[in-house]
>>> print(open('start.pdb').read())   # PDB, C-alpha atoms
ATOM      1  CA  MET O   1      80.064 156.958  79.653
ATOM      2  CA  ALA O   2      79.530 154.205  77.105
ATOM      3  CA  ALA O   3      77.281 151.253  77.814
ATOM      4  CA  PRO O   4      79.107 147.948  78.335
ATOM      5  CA  VAL O   5      79.349 145.823  75.234
ATOM      6  CA  GLU O   6      77.227 142.712  75.487
ATOM      7  CA  GLN O   7      79.126 139.549  74.785
ATOM      8  CA  GLN O   8      77.625 137.007  72.458
ATOM      9  CA  PRO O   9      76.818 133.731  74.185
ATOM     10  CA  VAL O  10      79.505 131.181  73.467
ATOM     11  CA  ASP O  11      78.254 128.180  71.592
ATOM     12  CA  GLU O  12      80.125 125.475  73.484
ATOM     13  CA  ALA O  13      78.808 122.691  71.265
ATOM     14  CA  ALA O  14      80.211 124.381  68.161
ATOM     15  CA  GLU O  15      83.572 124.905  69.883
ATOM     16  CA  LEU O  16      83.633 121.236  70.862
ATOM     17  CA  GLU O  17      82.919 120.181  67.276
ATOM     18  CA  VAL O  18      85.770 122.362  65.993
ATOM     19  CA  ALA O  19      88.181 121.010  68.631
ATOM     20  CA  ALA O  20      87.225 117.411  67.812
ATOM     21  CA  ALA O  21      87.706 118.025  64.089
ATOM     22  CA  GLN O  22      91.108 119.575  64.756
ATOM     23  CA  ALA O  23      92.177 116.594  66.881
ATOM     24  CA  VAL O  24      91.140 114.112  64.180
ATOM     25  CA  GLU O  25      92.859 116.212  61.511
ATOM     26  CA  ALA O  26      96.061 116.338  63.579
ATOM     27  CA  CYS O  27      96.077 112.532  63.614
ATOM     28  CA  GLY O  28      95.649 112.254  59.861
ATOM     29  CA  GLY O  29      91.957 111.364  60.054
ATOM     30  CA  ASP O  30      92.615 108.170  62.034
ATOM     31  CA  MET O  31      90.015 107.979  64.793
ATOM     32  CA  LEU O  32      91.862 105.282  66.757
ATOM     33  CA  ALA O  33      95.073 107.321  66.732
ATOM     34  CA  THR O  34      93.069 110.356  67.856
ATOM     35  CA  ILE O  35      91.602 108.484  70.805
ATOM     36  CA  LYS O  36      95.020 107.134  71.789
ATOM     37  CA  ALA O  37      96.535 110.623  71.599
ATOM     38  CA  LEU O  38      93.771 112.062  73.762
ATOM     39  CA  ILE O  39      94.208 109.302  76.346
ATOM     40  CA  VAL O  40      97.952 109.971  76.507
ATOM     41  CA  ALA O  41      97.376 113.723  76.792
ATOM     42  CA  ASN O  42      94.834 113.185  79.567
ATOM     43  CA  SER O  43      97.250 110.918  81.438
ATOM     44  CA  LEU O  44      99.974 113.559  81.245
ATOM     45  CA  LEU O  45      97.594 116.212  82.561
ATOM     46  CA  GLU O  46      96.603 113.926  85.461
ATOM     47  CA  GLN O  47     100.280 113.403  86.324
ATOM     48  CA  ASP O  48     100.867 117.164  86.252
ATOM     49  CA  LEU O  49      97.909 117.692  88.555
ATOM     50  CA  GLU O  50      99.181 115.060  90.984
ATOM     51  CA  GLU O  51     102.564 116.822  91.061
ATOM     52  CA  VAL O  52     100.860 120.133  91.815
ATOM     53  CA  TYR O  53      98.899 118.548  94.676
ATOM     54  CA  ALA O  54     102.082 116.927  95.999
ATOM     55  CA  ARG O  55     103.826 120.301  96.070
ATOM     56  CA  ALA O  56     100.911 122.208  97.589
ATOM     57  CA  SER O  57     100.876 122.396 101.347
ATOM     58  CA  HIS O  58      98.159 120.696 103.364
ATOM     59  CA  GLY O  59      97.221 124.045 104.894
ATOM     60  CA  PHE O  60      96.790 125.686 101.507
ATOM     61  CA  LEU O  61      94.526 122.884 100.329
ATOM     62  CA  ARG O  62      92.748 122.777 103.704
ATOM     63  CA  GLY O  63      92.670 119.020 103.490
ATOM     64  CA  ARG O  64      90.887 118.995 100.117
ATOM     65  CA  ARG O  65      92.348 116.575  97.667
ATOM     66  CA  VAL O  66      90.909 115.194  94.478
ATOM     67  CA  PRO O  67      90.552 111.449  94.934
ATOM     68  CA  ARG O  68      92.715 109.394  92.623
ATOM     69  CA  ARG O  69      91.001 107.552  89.851
ATOM     70  CA  LYS O  70      91.173 103.817  90.344
ATOM     71  CA  ASP O  71      92.467 103.288  86.806
ATOM     72  CA  SER O  72      95.296 105.821  86.966
ATOM     73  CA  PRO O  73      98.874 104.460  86.837
ATOM     74  CA  SER O  74      99.864 106.259  90.038
ATOM     75  CA  ALA O  75      96.891 104.766  91.894
ATOM     76  CA  GLU O  76      98.081 101.300  90.903
ATOM     77  CA  LYS O  77     101.571 102.112  92.214
ATOM     78  CA  ALA O  78     100.093 103.371  95.478
ATOM     79  CA  GLU O  79      98.077 100.170  95.893
ATOM     80  CA  LEU O  80     101.168  98.025  95.325
ATOM     81  CA  THR O  81     103.120 100.086  97.868
ATOM     82  CA  GLN O  82     100.371  99.721 100.471
ATOM     83  CA  LYS O  83     100.096  95.955  99.954
ATOM     84  CA  LYS O  84     103.784  95.287 100.618
ATOM     85  CA  PRO O  85     104.262  93.574 103.974
ATOM     86  CA  LYS O  86     106.293  95.537 106.497
ATOM     87  CA  SER O  87     109.413  93.799 107.786
TER      88      SER O  87
END
>>> encode(input="start.pdb", output="structure tokens")
Amino acid sequence: MAAPVEQQPVDEAAELEVAAAQAVEACGGDMLATIKALIVANSLLEQDLEEVYARASHGFLRGRRVPRRKDSPSAEKAELTQKKPKS
């Protein structure tokens, strides 16, 4: 039986540098455009996650929910809905 192959430790800092360089390159070297693109991508991922939580049953989650960020667009909508006076 052969000995298990040892995996090289992953250099996370180097991977992060490569990913950052790729993001800047994808935006034509414009740092502001890169930041805007990353913010939009993050917002889309947050919306996807909220949809997953909405579809998951309360029993499956066992009551655990990730609290909404105060600056997320859906949190602002929820606040407006809660502030409406009931007729």
>>> residues_around(input="start.pdb", residues="region 17-20 of chain O", least_positions_apart="6", cutoff="12 Å", atoms="only C-alpha atoms", output="list in words")
Asp11, Ala26, Cys27, Gly29, Met31, Thr34, Ile35 and Leu38 of chain O
>>> write_last_selection(input="start.pdb", atoms="C-alpha atoms", output="short mmCIF file (atom, residue, chain, number, x, y, z; two decimals), in the frame of the given file")
data_model
loop_
_atom_site.label_atom_id
_atom_site.label_comp_id
_atom_site.auth_asym_id
_atom_site.auth_seq_id
_atom_site.Cartn_x
_atom_site.Cartn_y
_atom_site.Cartn_z
CA ASP O 11 78.25 128.18 71.59
CA ALA O 26 96.06 116.34 63.58
CA CYS O 27 96.08 112.53 63.61
CA GLY O 29 91.96 111.36 60.05
CA MET O 31 90.02 107.98 64.79
CA THR O 34 93.07 110.36 67.86
CA ILE O 35 91.60 108.48 70.81
CA LEU O 38 93.77 112.06 73.76
#
>>> atom_distance(input="start.pdb", atom1="CA of Glu51 (chain O)", atom2="CA of Gln22 (chain O)")
28.8 Å
>>> closest_residue(input="start.pdb", among="O:Leu49, O:Arg62, O:Ala23, O:Ser57", to="Ala37 (chain O)", atoms="only C-alpha atoms")
O:Ala23
